[in-house]
Amino acid sequence: MSFESALHSMQGHPWITLIAALFAYTTLITLYNLTLHPLAKVPGPRLWVLTRIPYIRALVRGTFIHDLERLHRMYGPVLRVSPNEVSFACAEAYNEILQPRPTRYFQKDPIWWDSLAGKEKWVGNLYGAAEHSHARRFLAAGFTPRALKAQEPILQRYANLLIERLGEKIGRRNSVTGAGKHGADIDIVPWMNFTTFDIFGDLSFGESFECLQETQYHPWISMMFAHVKVASVIAATTFYPWMNWALMKCIPKSTRELQRRHHEMIKDKVKRRLNWELERPDIMSYVVGNGSEKKQMGGMSFDQLSTAFSHLAIAGSETTATALNGTINYLVQTPDKLGRLVDEIRGSFTNMDDISLDSLRGLPYLNAVLNEGLRLCPPIPWIPGRLAPAEGASACGYFLPGGTHVSIQSYTLNRDPKYFTNPKSFAPERWLPECKEDPHSLYYNDNLKALHPFAAGPRACLAQNLAWSEMRLVLAKLMWAFDFSAVEDRQVSWEDLRTYLLVEKVPIVVNIKQRGDL
Ligand code: HEM
């Protein structure tokens with residue numbers, strides 16, 4: 001049959017025509033994506049290159065970082081993960097993508113950042129360079145080393161409260177079970193979150209979330225955790241507007257109402273804080289001024305200020321808590337490292353009250369342990385959502401046409417043997433200065449500069465000083481006051497945890513007892 005007669009016989013059969021047209025379209029798109037597309041030379045698995053479905057499936061199932069690690073190991077550090085998205089697992093990407101040049105600015109991708117943060121803008125999702133740096137300047141003053149020094153009493157108060165409450169819990173458990181010197185098996189995950197949320201609440205609103213006091217999550221925090229999982233699904237579907245529309249329709253009215261009420265609660269907290277006449281060197285004071293010297297709120301409206309602080313609460317608490325959870329989980333599974341850390345802390349201080357932020361900065365093993373914890377358990381395991389500039393740009397040797405979606409896989413990179421010897425082992429020693437000076441050291445060739453848990457460039461984490469201070473203080477006081485050990489049959493493998501933008505919460509149960517020698 002000739003082509004004309006085939007066409008002729010289709011007339012009067014609209015379904016056949018439709019199916020043939022779809023088939024022809026799909027074949028052309030497939031051929032284009034594989035051969036003529038500007039990203040055709042970037043390696044990647046066929047199914048991912050041709051459609052976004054495997055990508056969305058991985059996000060929804062929480063296996064994204066593990067799937068991408070596996071694919072990067074197969075295809076290399078630059079990977080095409082959908083028709084128009086490239087994932088990078090090479091250290092240069094932090095510089096080439098996150099450090100803007102006059103002719104090259106990878107802006108944040110609204111697909112990701114609007115779904116994560118909502119339409120109301122704050123520093124995390126202001127896309128233009130100028131508006132972002134304006135907003136960041138106002139907040140940054142509250143996170144400088146000088147500001148932190150003034151905030152230290154607040155950090156100390158909650159670290160001490162954590163030790164007190166844990167001590168009570170161990171005591172109560174022992175009196176019930178009669179376990180005495182065996183201590184108690186405790187899930188540390190909520191405890192780390194209680195502490196970091198309470199610190200952030202006090203530093204921002206002048207009132208904690210009372211988690212340590214009540215030994216339970218504030219309902220607002222539970223809702224935020226649930227939202228992060230949902231946001232990951234929402235972000236995944238935003239690539240297909242119809243899918244996103246359908247999903248949004250499925251969100252029950254009651255959930256929207258809950259969100260609205262919680263937003264109102266944050267507004268109330270901000271309102272109360274704004275009415276203070278007290279001089280107080282907290283984060284909010286740098287934005288709104290102190291006492292009678294109220295400023296212009298950094299040019300922000302009241303709603304913007306509330307939105308900013310409601311996002312900061314999660315950016316600033318969940319991340320630090322995850323790093324601590326992951327680090328303690330690795331520590332109890334490596335008793336020799338745990339012992340060395342305990343010796344360093346207990347050998348450096350006579351009283352717990354002597355432990356100060358200044359003194360902790362100089363403890364080499366503590367800092368090495370935390371760097372290693374951040375390497376293996378990065379609280380933000382991948383830097384999602386950047387867009388190649390309209391004129392296109394190169395990164396890690398590949399040209400990316402304008403509008404290409406890009407991301408950096410920190411989790412994959414941190415476990416790459418090219419950068420770290422025995423990459424899956426928890427080895428704080430690699431961070432000690434003596435390893436870098438001794439060519440016989442196992443870790444001499446490690447590329448420590450490949451680690452960027454706080455990202456890089458003008459949008460790098462605004463509060464690295466605060467995060468480091470909290471992590472050092474909480475870990476040091478825990479090690480000073482208690483003896484930790486693993487609980488048989490309750491060990492968690494960090495590599496098995498699912499990730500929905502943030503790492504899933506599973507109980508990390510460890511044995512804690514009052515230190516015996518006090
Ligand atoms: C261990 C703890 C923390 C880690 C690993 C961490 C990591 C990061 C990373 C990777 C980014 C960049 C995200 C991106 O651009 O895609 C970021 C941004 C940010 N972080 Fe953190 N963070 C931590 C703690 C905190 C704390 C305690 C706060 C505040 C109280 C905070 C506030 C912010 C803010 C405001 C941004 C956005 C900065 C901007 O867009 O200019 N973070 N953080």
# chains A, B, ... in the order shown; residues from 1 in each chain; ligands from 1
call {"tool": "closest_atom_pairs", "arguments": {"of": "chain A", "to": "ligand 1", "cutoff": "6 Å", "atoms": "only C-alpha atoms and all ligand atoms", "output": "CSV"}}
result
residue,atom,partner,partner_atom_place_in_ligand_line,distance
A:Val123,CA,ligand 1,40 (O),5.3
A:Gly124,CA,ligand 1,40 (O),4.0
A:Arg136,CA,ligand 1,41 (O),5.8
A:Leu312,CA,ligand 1,29 (C),5.4
A:Ala315,CA,ligand 1,31 (C),4.9
A:Gly316,CA,ligand 1,26 (C),3.2
A:Ser317,CA,ligand 1,27 (C),5.8
A:Thr319,CA,ligand 1,2 (C),4.5
A:Thr320,CA,ligand 1,2 (C),3.9
A:Ala323,CA,ligand 1,1 (C),5.5
A:Pro379,CA,ligand 1,5 (C),5.1
A:Ile380,CA,ligand 1,10 (C),5.4
A:Ile383,CA,ligand 1,16 (O),4.6
A:Pro384,CA,ligand 1,16 (O),5.7
A:Pro453,CA,ligand 1,5 (C),4.9
A:Phe454,CA,ligand 1,10 (C),3.9
A:Ala455,CA,ligand 1,10 (C),4.3
A:Arg459,CA,ligand 1,41 (O),3.8
A:Ala460,CA,ligand 1,12 (C),4.8
A:Cys461,CA,ligand 1,18 (C),3.5
A:Leu462,CA,ligand 1,34 (C),4.7
A:Ala463,CA,ligand 1,28 (C),4.5
A:Leu466,CA,ligand 1,27 (C),5.6
A:Ala467,CA,ligand 1,27 (C),4.4
call {"tool": "select_by_dssp", "arguments": {"residues": "range 54-250 of chain A", "states": "strand (DSSP E or B)", "output": "PyMOL selection string"}}
result
chain A and resi 78-82+85-88+101+104+107-108+184-187
call {"tool": "residues_around", "arguments": {"residues": "Leu376 in chain A", "least_positions_apart": "4", "cutoff": "12 Å", "atoms": "only C-alpha atoms", "output": "VMD selection string"}}
result
chain A and resid 322 to 331 369 to 372 380 to 381 410 to 416 420 422 to 428 451 to 453 493 to 495
call {"tool": "residues_around", "arguments": {"residues": "Val510 in chain A", "least_positions_apart": "2", "cutoff": "8 Å", "atoms": "only C-alpha atoms", "output": "CSV table (one decimal) with N, CA and C atoms, in the first residue's frame"}}
result
chain,number,residue,atom,x,y,z
A,185,ASP,N,17.2,3.4,77.2
A,185,ASP,CA,17.3,3.4,75.8
A,185,ASP,C,16.3,4.5,75.3
A,186,ILE,N,16.9,5.5,74.6
A,186,ILE,CA,16.1,6.7,74.3
A,186,ILE,C,16.2,7.0,72.8
A,187,ASP,N,15.1,7.4,72.2
A,187,ASP,CA,15.1,7.9,70.8
A,187,ASP,C,15.6,9.3,70.8
A,188,ILE,N,16.8,9.6,70.3
A,188,ILE,CA,17.3,10.9,70.4
A,188,ILE,C,16.7,11.9,69.4
A,329,ASN,N,24.3,9.0,65.7
A,329,ASN,CA,24.1,7.6,65.2
A,329,ASN,C,25.4,7.0,64.7
A,332,VAL,N,27.8,6.2,68.0
A,332,VAL,CA,27.5,5.0,68.8
A,332,VAL,C,27.9,3.7,68.1
A,484,PHE,N,27.2,7.3,76.2
A,484,PHE,CA,26.3,6.9,75.1
A,484,PHE,C,26.8,5.5,74.6
A,485,SER,N,25.9,4.7,74.2
A,485,SER,CA,26.3,3.4,73.5
A,485,SER,C,25.2,3.0,72.6
A,486,ALA,N,25.5,2.1,71.7
A,486,ALA,CA,24.5,1.6,70.7
A,486,ALA,C,23.6,0.6,71.5
A,487,VAL,N,22.4,0.4,70.9
A,487,VAL,CA,21.4,-0.6,71.5
A,487,VAL,C,21.4,-1.7,70.4
A,490,ARG,N,18.8,-2.2,67.4
A,490,ARG,CA,18.1,-1.0,67.1
A,490,ARG,C,19.0,0.0,66.3
A,508,ILE,N,16.0,6.9,66.3
A,508,ILE,CA,17.4,6.5,66.5
A,508,ILE,C,17.6,6.3,68.0
A,512,ILE,N,21.6,5.7,76.9
A,512,ILE,CA,22.2,6.9,77.6
A,512,ILE,C,22.2,6.6,79.1
call {"tool": "closest_residue", "arguments": {"among": "A:Tyr127, A:Tyr444, A:Tyr365, A:Tyr25", "to": "Leu475 in chain A", "atoms": "only C-alpha atoms"}}
result
A:Tyr365
call {"tool": "select_by_dssp", "arguments": {"residues": "range 362-420 of chain A", "states": "alpha helix (DSSP H)", "output": "JSON, numbers by chain"}}
result
{"A": [364, 365, 366, 367, 368, 369, 370, 371, 372, 373, 374, 375, 376, 410, 411, 412, 413, 414]}
call {"tool": "residues_around", "arguments": {"residues": "Thr421 in chain A", "least_positions_apart": "3", "cutoff": "7 Å", "atoms": "only C-alpha atoms", "output": "NGL selection string"}}
result
:A and (417 or 443 or 446)
call {"tool": "residues_around", "arguments": {"residues": "Ala395 in chain A", "least_positions_apart": "2", "cutoff": "9 Å", "atoms": "only C-alpha atoms", "output": "ChimeraX atom specification"}}
result
/A:88,92-93,96-97,393,397-400
call {"tool": "closest_residue", "arguments": {"among": "A:Ile314, A:Ala91, A:Val474, A:Leu18", "to": "Ala226 in chain A", "atoms": "only C-alpha atoms"}}
result
A:Ile314
call {"tool": "atom_distance", "arguments": {"atom1": "CA of Gln151 in chain A", "atom2": "CA of Ile283 in chain A"}}
result
8.5 Å
call {"tool": "residues_around", "arguments": {"residues": "Asn193 in chain A", "least_positions_apart": "3", "cutoff": "8 Å", "atoms": "only C-alpha atoms", "output": "list in words"}}
result
Val189, Pro190, Thr196, Phe197, Ser317, Glu318 and Ala321 of chain A
call {"tool": "closest_residue", "arguments": {"among": "A:Lys271, A:Pro439, A:Trp15, A:Lys477", "to": "Leu161 in chain A", "atoms": "only C-alpha atoms"}}
result
A:Lys477
call {"tool": "closest_residue", "arguments": {"among": "A:Ser87, A:Thr26, A:Ser356, A:Asn447", "to": "Gly385 in chain A", "atoms": "only C-alpha atoms"}}
result
A:Ser87
call {"tool": "closest_residue", "arguments": {"among": "A:Leu502, A:Leu50, A:Val60, A:Leu36", "to": "Thr237 in chain A", "atoms": "only C-alpha atoms"}}
result
A:Val60
